[in-house]
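Peer 1: The file below is entry35.csv, CSV, C-alpha atoms:
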chain,number,residue,atom,x,y,z
A,1,MET,CA,-23.9,5.0,-13.5
A,2,GLU,CA,-22.3,2.4,-11.2
A,3,ASN,CA,-19.1,2.5,-13.3
A,4,LEU,CA,-19.1,6.3,-13.3
A,5,SER,CA,-19.7,6.6,-9.5
A,6,PHE,CA,-16.8,4.1,-9.0
A,7,ILE,CA,-14.5,6.1,-11.2
A,8,LEU,CA,-15.4,9.3,-9.3
A,9,VAL,CA,-14.8,7.7,-6.0
A,10,CYS,CA,-11.4,6.4,-7.2
A,11,LEU,CA,-10.4,9.9,-8.4
A,12,ALA,CA,-11.6,11.6,-5.2
A,13,ILE,CA,-9.7,9.2,-3.0
A,14,PHE,CA,-6.5,9.6,-5.0
A,15,ALA,CA,-6.8,13.4,-4.9
A,16,GLY,CA,-7.5,13.4,-1.2
A,17,LEU,CA,-4.5,11.1,-0.5
A,18,PHE,CA,-2.2,13.1,-2.7
A,19,LEU,CA,-3.1,16.4,-1.1
A,20,LEU,CA,-2.8,14.8,2.4
A,21,ALA,CA,0.6,13.5,1.5
A,22,LEU,CA,1.7,16.8,0.0
A,23,GLY,CA,0.6,18.6,3.2
A,24,PHE,CA,2.6,16.3,5.4
A,25,GLU,CA,5.6,16.5,3.1
A,26,LYS,CA,5.7,20.3,3.3
A,27,LEU,CA,5.6,20.1,7.1
A,28,LEU,CA,8.0,17.2,7.6
A,29,VAL,CA,10.5,16.6,4.8
A,30,LYS,CA,12.6,19.7,5.2
A,31,ASN,CA,15.5,18.5,3.0
A,32,ARG,CA,13.4,17.4,0.0
A,33,LYS,CA,14.8,20.4,-2.0
A,34,LYS,CA,18.3,18.9,-1.8
A,35,LEU,CA,17.2,16.3,-4.3
A,36,SER,CA,17.1,17.2,-8.0
A,37,ASP,CA,13.8,16.6,-9.8
A,38,THR,CA,15.6,14.1,-12.1
A,39,HIS,CA,16.8,12.1,-9.1
A,40,TYR,CA,13.4,12.2,-7.4
A,41,ILE,CA,11.5,11.1,-10.6
A,42,THR,CA,14.0,8.4,-11.5
A,43,TYR,CA,13.9,6.7,-8.1
A,44,THR,CA,10.1,7.0,-7.9
A,45,ALA,CA,9.7,5.4,-11.3
A,46,LEU,CA,12.3,2.7,-10.7
A,47,LEU,CA,10.8,1.5,-7.3
A,48,SER,CA,7.3,1.8,-8.7
A,49,ALA,CA,8.3,-0.5,-11.6
A,50,ILE,CA,9.7,-3.1,-9.2
A,51,ALA,CA,6.5,-2.8,-7.1
A,52,GLY,CA,4.4,-3.3,-10.2
A,53,VAL,CA,6.2,-6.5,-11.1
A,54,LEU,CA,6.0,-7.8,-7.6
A,55,MET,CA,2.2,-7.2,-7.7
A,56,LEU,CA,2.0,-9.8,-10.4
A,57,VAL,CA,3.3,-12.5,-7.9
A,58,GLU,CA,0.3,-13.4,-5.8
A,59,ILE,CA,0.3,-15.9,-3.0
A,60,PRO,CA,-3.0,-17.7,-2.2
A,61,LEU,CA,-4.0,-17.8,1.5
A,62,PHE,CA,-5.5,-20.8,3.1
A,63,PHE,CA,-7.8,-18.8,5.4
A,64,ALA,CA,-9.3,-16.5,2.8
A,65,PRO,CA,-11.3,-16.7,-0.5
A,66,GLY,CA,-9.3,-16.9,-3.7
A,67,PHE,CA,-9.7,-13.2,-4.6
A,68,TYR,CA,-7.6,-12.3,-1.5
A,69,LYS,CA,-4.0,-13.0,-2.4
A,70,LEU,CA,-0.8,-11.8,-0.7
A,71,ASP,CA,1.7,-9.8,-2.7
A,72,LEU,CA,4.8,-7.9,-1.6
A,73,SER,CA,4.4,-4.9,-3.8
A,74,GLU,CA,4.3,-2.5,-0.8
A,75,LEU,CA,8.0,-3.4,-0.1
A,76,PRO,CA,9.5,-1.1,-2.8
A,77,VAL,CA,6.8,1.5,-2.1
A,78,LEU,CA,7.8,1.7,1.5
A,79,ILE,CA,11.5,2.0,0.5
A,80,CYS,CA,10.5,4.7,-1.9
A,81,THR,CA,8.4,6.7,0.7
A,82,PHE,CA,11.1,6.3,3.5
A,83,TYR,CA,13.7,7.7,1.1
A,84,LEU,CA,11.7,10.4,-0.8
A,85,GLY,CA,8.7,11.2,1.3
A,86,PRO,CA,4.9,10.7,1.6
A,87,VAL,CA,4.1,12.1,-1.9
A,88,ALA,CA,6.4,9.6,-3.6
A,89,GLY,CA,4.7,6.8,-1.6
A,90,VAL,CA,1.2,7.7,-2.8
A,91,VAL,CA,2.4,8.2,-6.4
A,92,SER,CA,4.3,4.9,-6.3
A,93,GLU,CA,1.2,3.1,-5.1
A,94,LEU,CA,-0.7,4.5,-8.1
A,95,LEU,CA,2.0,3.8,-10.7
A,96,LYS,CA,2.5,0.2,-9.6
A,97,VAL,CA,-1.3,-0.5,-10.0
A,98,ILE,CA,-1.3,1.1,-13.4
A,99,LEU,CA,1.7,-1.0,-14.5
A,100,LYS,CA,0.1,-4.1,-13.2
A,101,LEU,CA,-3.1,-3.3,-15.2
A,102,ILE,CA,-1.0,-2.8,-18.3
A,103,LEU,CA,0.8,-6.1,-17.9
A,104,LYS,CA,-2.0,-8.3,-16.7
A,105,GLY,CA,-5.3,-6.4,-16.7
A,106,THR,CA,-7.9,-6.9,-14.0
A,107,SER,CA,-9.8,-10.0,-12.8
A,108,THR,CA,-11.9,-8.1,-10.2
A,109,ALA,CA,-13.6,-5.4,-12.3
A,110,PHE,CA,-10.9,-3.0,-11.1
A,111,VAL,CA,-12.2,-3.1,-7.5
A,112,GLY,CA,-9.3,-5.3,-6.3
A,113,ASP,CA,-6.8,-3.0,-8.0
A,114,PHE,CA,-8.4,0.1,-6.4
A,115,ALA,CA,-8.4,-1.7,-3.1
A,116,ASN,CA,-4.7,-2.4,-3.4
A,117,PHE,CA,-4.0,1.2,-4.0
A,118,ALA,CA,-6.3,2.7,-1.3
A,119,VAL,CA,-5.5,0.1,1.4
A,120,GLY,CA,-1.8,0.2,0.4
A,121,CYS,CA,-1.8,4.0,1.0
A,122,SER,CA,-3.3,3.5,4.4
A,123,PHE,CA,-0.2,1.4,5.2
A,124,VAL,CA,2.4,3.5,3.5
A,125,LEU,CA,1.3,7.0,4.4
A,126,PRO,CA,1.2,6.7,8.2
A,127,ALA,CA,4.5,4.8,8.2
A,128,SER,CA,6.1,7.5,6.1
A,129,VAL,CA,4.7,10.4,8.1
A,130,LEU,CA,5.8,9.1,11.5
A,131,TYR,CA,9.3,8.2,10.1
A,132,HIS,CA,9.9,11.6,8.5
A,133,SER,CA,8.8,13.4,11.6
A,134,ARG,CA,12.2,12.5,13.0
A,135,PRO,CA,14.1,10.0,10.8
A,136,SER,CA,15.6,7.1,12.8
A,137,ARG,CA,15.5,3.3,13.1
A,138,LYS,CA,13.1,3.5,16.0
A,139,ARG,CA,10.8,5.9,14.2
A,140,ALA,CA,10.8,3.6,11.2
A,141,ILE,CA,9.8,0.6,13.3
A,142,TRP,CA,7.0,2.5,15.0
A,143,GLY,CA,5.9,3.9,11.7
A,144,LEU,CA,5.6,0.3,10.3
A,145,VAL,CA,3.7,-0.8,13.3
A,146,LEU,CA,1.3,2.2,13.0
A,147,GLY,CA,0.9,1.6,9.3
A,148,THR,CA,0.0,-2.1,9.9
A,149,LEU,CA,-2.6,-1.1,12.4
A,150,VAL,CA,-4.1,1.6,10.3
A,151,MET,CA,-4.2,-0.6,7.3
A,152,THR,CA,-5.9,-3.4,9.2
A,153,VAL,CA,-8.6,-1.1,10.6
A,154,PHE,CA,-9.1,0.9,7.5
A,155,GLY,CA,-8.9,-2.1,5.1
A,156,SER,CA,-11.4,-4.1,7.1
A,157,ALA,CA,-13.9,-1.2,7.3
A,158,PHE,CA,-13.4,-0.3,3.7
A,159,ASN,CA,-14.0,-3.8,2.6
A,160,ALA,CA,-17.2,-4.2,4.6
A,161,LEU,CA,-18.7,-0.9,3.8
A,162,TYR,CA,-17.7,-0.3,0.2
A,163,LEU,CA,-15.4,-2.7,-1.6
A,164,LEU,CA,-17.3,-5.9,-1.2
A,165,PRO,CA,-20.7,-4.4,-2.1
A,166,LYS,CA,-19.1,-2.6,-5.0
A,167,PHE,CA,-17.4,-5.8,-6.2
A,168,SER,CA,-20.7,-7.6,-6.0
A,169,VAL,CA,-22.3,-5.0,-8.3
A,170,LEU,CA,-19.5,-4.5,-10.8
A,171,PHE,CA,-18.5,-8.1,-11.0
A,172,GLY,CA,-22.1,-9.3,-11.1
A,173,MET,CA,-21.7,-11.7,-8.2
A,174,PRO,CA,-24.3,-11.6,-5.3
A,175,LEU,CA,-22.8,-10.9,-1.8
A,176,ASP,CA,-24.2,-14.3,-0.7
A,177,ALA,CA,-22.0,-16.0,-3.3
A,178,ILE,CA,-19.0,-14.1,-2.2
A,179,VAL,CA,-19.6,-15.0,1.4
A,180,ALA,CA,-20.1,-18.7,0.3
A,181,MET,CA,-16.6,-18.6,-1.1
A,182,GLY,CA,-15.3,-17.7,2.3
A,183,THR,CA,-17.4,-20.4,3.9
A,184,LYS,CA,-15.7,-23.0,1.8
A,185,VAL,CA,-12.3,-22.2,3.4
A,186,ASN,CA,-13.7,-21.4,6.9
A,187,LYS,CA,-17.0,-22.6,8.2
A,188,ALA,CA,-17.1,-19.6,10.7
A,189,ILE,CA,-17.5,-17.2,7.7
A,190,THR,CA,-21.3,-16.9,7.3
A,191,SER,CA,-21.8,-13.2,6.6
A,192,VAL,CA,-19.9,-10.1,5.4
A,193,PRO,CA,-18.9,-9.1,9.0
A,194,THR,CA,-17.5,-12.6,9.6
A,195,LEU,CA,-15.8,-12.6,6.2
A,196,VAL,CA,-14.1,-9.4,7.2
A,197,LEU,CA,-13.2,-10.6,10.7
A,198,PHE,CA,-11.8,-14.0,9.7
A,199,ALA,CA,-10.3,-13.2,6.3
A,200,VAL,CA,-9.7,-9.5,5.8
A,201,VAL,CA,-8.3,-8.7,9.2
A,202,PRO,CA,-5.7,-11.5,9.3
A,203,PHE,CA,-4.9,-10.9,5.7
A,204,ASN,CA,-4.0,-7.2,6.4
A,205,LEU,CA,-2.1,-8.1,9.6
A,206,LEU,CA,-0.1,-10.8,7.8
A,207,LYS,CA,0.8,-8.5,4.9
A,208,GLY,CA,1.8,-5.7,7.3
A,209,VAL,CA,4.0,-7.9,9.4
A,210,VAL,CA,5.7,-9.6,6.5
A,211,VAL,CA,6.3,-6.4,4.4
A,212,SER,CA,7.5,-4.5,7.5
A,213,LEU,CA,10.1,-7.2,8.4
A,214,LEU,CA,11.4,-7.3,4.8
A,215,THR,CA,11.6,-3.5,4.7
A,216,MET,CA,13.7,-3.4,7.9
A,217,LEU,CA,16.0,-6.1,6.6
A,218,LEU,CA,16.5,-4.6,3.1
A,219,TYR,CA,16.5,-0.8,3.6
A,220,LYS,CA,19.8,-0.6,5.4
A,221,ARG,CA,21.5,-2.7,2.8
A,222,ILE,CA,20.3,-0.8,-0.2
A,223,SER,CA,20.3,2.7,1.4
A,224,PRO,CA,23.9,3.4,0.3
A,225,LEU,CA,22.8,2.7,-3.3
A,226,LEU,CA,19.9,5.0,-3.0
A,227,HIS,CA,22.0,7.8,-1.7
A,228,LEU,CA,24.6,7.7,-4.4
A,229,GLY,CA,24.8,11.3,-5.8
A,230,ASP,CA,22.4,12.5,-3.1
A,231,ASP,CA,23.4,15.7,-1.3
A,232,ARG,CA,21.5,14.4,1.8
A,233,LYS,CA,23.7,11.3,2.1
A,234,LYS,CA,25.8,12.2,5.2
A,235,GLU,CA,23.0,13.9,7.1
A,236,ARG,CA,20.6,11.0,6.3
A,237,HIS,CA,22.9,8.2,7.3
A,238,LYS,CA,23.4,9.8,10.7
A,239,GLN,CA,19.7,10.1,11.3
A,240,GLU,CA,18.4,6.8,9.9
A,241,GLY,CA,20.5,4.1,11.5
A,242,ILE,CA,18.2,1.7,9.6
Step by step, read the file and then write its structure as C-alpha cells.
Peer 2:
Amino acid sequence: MENLSFILVCLAIFAGLFLLALGFEKLLVKNRKKLSDTHYITYTALLSAIAGVLMLVEIPLFFAPGFYKLDLSELPVLICTFYLGPVAGVVSELLKVILKLILKGTSTAFVGDFANFAVGCSFVLPASVLYHSRPSRKRAIWGLVLGTLVMTVFGSAFNALYLLPKFSVLFGMPLDAIVAMGTKVNKAITSVPTLVLFAVVPFNLLKGVVVSLLTMLLYKRISPLLHLGDDRKKERHKQEGI
C-alpha cells in the first residue's frame, strides 16, 4: 500500500505539473507553432539525454548527509525550457530521471529520484514562465532568481512534510537514523526541522545559484546552434539578448 500510494502521488504530481506547464505555454509561448514537431522533439530528447548523463555525476556536500548530492542536470533542462517552453521543461525533467534510472538505478527507493523531478520542476517552471512572459536577458535573470527561491521554499517544505518521512518508510530507515546522519556532519542538526534548515535550504540555494550562473554563461553561446533551421531565429535573437 505504501508503494502504491507513492506511485499515485508521483503520477498525480507529474500530471498536475504537466497541465500547469501546458496552460502557461498556451498563454505565453505565442510562437511555439513556428517550430516543427520534429525540431521540438529532437531538441527536447537531446537536452534531456545530456541532463540524464549529468545526473550521474553527483558532488557530495560537506554540510549535508550523504544522500544529498549536488548535480548539474537542471542546466540542460533550463536551456531546453528557455528555448522551447514550459512543457518541454517538465518533460525534460521526467526524461532525465528515467534515463538516470535506466543507466544507474536507484539508491533511495525512488524517493530521491522523484524528489529530483518534483523539486527540479519547482525551479525550472517558474523560471520558464517568467522568461517567456516577455523574453529578454533581464527576464531570464529574474526568472532564475524566482526559480531558485521557489525551489528553496518548496523543496524544503516538501522534504520536511513528505519526502523524508516517505524515504524513512520505503527505505526502511527510522527518521531518527536519518537525522543522526545529519548530526554527524553538523552538530546543530538534531531533528527533521533542523535537518531541513541546515542541509536542505542551503543545498537548494547552492544548486539554484550555481545552475543559474552556468545557464547565463552558456545559453548565449549555444543559442545560435539551437536556432539553426528555426523560423523564430531572427525574432528570438532580438528579444533574448542572453
Peer 1: Determine the nearest neighbour of A:Phe167 from the options A:Ala109, A:Leu70, A:Val211, A:Ile98, counting only C-alpha atoms.
Peer 2: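 When distances to A:Phe167 are compared using only C-alpha atoms, the smallest one comes from A:Ala109.
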Peer 1: Can you work out which one of A:Asp113, A:Val129, A:Ala49, A:Asp71 has the shortest atom-to-atom distance to A:Lys96, counting all atoms listed in the file?
Peer 2: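 Closest to A:Lys96, using all atoms listed in the file: A:Ala49.
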Peer 1: Using all atoms listed in the file, determine which residues lie at most 10 Å from A:Gly155, disregarding the query and same-chain residues fewer than 5 positions distant; provide the list as JSON, numbers by chain.
Peer 2: {"A": [115, 116, 118, 119, 120, 122, 123, 149, 150, 160, 161, 163, 196, 200, 201, 203, 204]}
Peer 1: Point out the residue among A:Thr42, A:Thr190, A:Ser133, A:Asn159 with the least atom-to-atom distance to A:Tyr68, counting all atoms listed in the file.
Peer 2: A:Asn159
Peer 1: I'd like the interatomic distance between atom CA of A:Leu125 and atom CA of A:Ser48, to a tenth of an Å.
Peer 2: 15.3 Å
Peer 1: Rank A:Cys80, A:Leu56, A:Phe117, A:Ile50 by their smallest atom-to-atom distance to A:Cys10, using only C-alpha atoms, and report the top residue only.
Peer 2: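 Comparing A:Cys80, A:Leu56, A:Phe117, A:Ile50 against A:Cys10, the winner is A:Phe117.
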Peer 1: Please write a file for stretch 1-17 of chain A, taken from the block I just shared, that holds N, CA and C atoms and is laid out as a PDB file, in the first residue's frame.
Peer 2:
ATOM      1  N   MET A   1       0.825  -1.204   0.000  1.00  0.00           N
ATOM      2  CA  MET A   1       0.000   0.000   0.000  1.00  0.00           C
ATOM      3  C   MET A   1       0.864   1.262   0.000  1.00  0.00           C
ATOM      4  N   GLU A   2       1.974   1.207   0.731  1.00  0.00           N
ATOM      5  CA  GLU A   2       2.875   2.365   0.738  1.00  0.00           C
ATOM      6  C   GLU A   2       3.450   2.613  -0.651  1.00  0.00           C
ATOM      7  N   ASN A   3       3.864   1.523  -1.318  1.00  0.00           N
ATOM      8  CA  ASN A   3       4.399   1.661  -2.675  1.00  0.00           C
ATOM      9  C   ASN A   3       3.346   2.204  -3.628  1.00  0.00           C
ATOM     10  N   LEU A   4       2.116   1.687  -3.510  1.00  0.00           N
ATOM     11  CA  LEU A   4       1.037   2.131  -4.392  1.00  0.00           C
ATOM     12  C   LEU A   4       0.719   3.603  -4.172  1.00  0.00           C
ATOM     13  N   SER A   5       0.647   4.013  -2.910  1.00  0.00           N
ATOM     14  CA  SER A   5       0.346   5.422  -2.629  1.00  0.00           C
ATOM     15  C   SER A   5       1.448   6.337  -3.162  1.00  0.00           C
ATOM     16  N   PHE A   6       2.703   5.880  -3.061  1.00  0.00           N
ATOM     17  CA  PHE A   6       3.826   6.665  -3.571  1.00  0.00           C
ATOM     18  C   PHE A   6       3.737   6.814  -5.090  1.00  0.00           C
ATOM     19  N   ILE A   7       3.417   5.723  -5.768  1.00  0.00           N
ATOM     20  CA  ILE A   7       3.276   5.767  -7.224  1.00  0.00           C
ATOM     21  C   ILE A   7       2.154   6.711  -7.631  1.00  0.00           C
ATOM     22  N   LEU A   8       1.038   6.644  -6.922  1.00  0.00           N
ATOM     23  CA  LEU A   8      -0.100   7.511  -7.242  1.00  0.00           C
ATOM     24  C   LEU A   8       0.240   8.980  -7.024  1.00  0.00           C
ATOM     25  N   VAL A   9       0.972   9.272  -5.956  1.00  0.00           N
ATOM     26  CA  VAL A   9       1.394  10.648  -5.707  1.00  0.00           C
ATOM     27  C   VAL A   9       2.326  11.128  -6.825  1.00  0.00           C
ATOM     28  N   CYS A  10       3.255  10.274  -7.246  1.00  0.00           N
ATOM     29  CA  CYS A  10       4.173  10.618  -8.344  1.00  0.00           C
ATOM     30  C   CYS A  10       3.399  10.940  -9.615  1.00  0.00           C
ATOM     31  N   LEU A  11       2.445  10.085  -9.963  1.00  0.00           N
ATOM     32  CA  LEU A  11       1.648  10.289 -11.175  1.00  0.00           C
ATOM     33  C   LEU A  11       0.811  11.553 -11.075  1.00  0.00           C
ATOM     34  N   ALA A  12       0.227  11.795  -9.909  1.00  0.00           N
ATOM     35  CA  ALA A  12      -0.619  12.977  -9.726  1.00  0.00           C
ATOM     36  C   ALA A  12       0.192  14.263  -9.851  1.00  0.00           C
ATOM     37  N   ILE A  13       1.379  14.271  -9.251  1.00  0.00           N
ATOM     38  CA  ILE A  13       2.216  15.472  -9.315  1.00  0.00           C
ATOM     39  C   ILE A  13       2.711  15.708 -10.735  1.00  0.00           C
ATOM     40  N   PHE A  14       3.106  14.630 -11.434  1.00  0.00           N
ATOM     41  CA  PHE A  14       3.530  14.817 -12.822  1.00  0.00           C
ATOM     42  C   PHE A  14       2.385  15.362 -13.667  1.00  0.00           C
ATOM     43  N   ALA A  15       1.186  14.783 -13.524  1.00  0.00           N
ATOM     44  CA  ALA A  15       0.034  15.240 -14.301  1.00  0.00           C
ATOM     45  C   ALA A  15      -0.287  16.696 -13.990  1.00  0.00           C
ATOM     46  N   GLY A  16      -0.234  17.051 -12.703  1.00  0.00           N
ATOM     47  CA  GLY A  16      -0.515  18.430 -12.323  1.00  0.00           C
ATOM     48  C   GLY A  16       0.495  19.407 -12.898  1.00  0.00           C
ATOM     49  N   LEU A  17       1.773  19.059 -12.810  1.00  0.00           N
ATOM     50  CA  LEU A  17       2.823  19.932 -13.348  1.00  0.00           C
ATOM     51  C   LEU A  17       2.726  20.049 -14.868  1.00  0.00           C
TER      52      LEU A  17
END
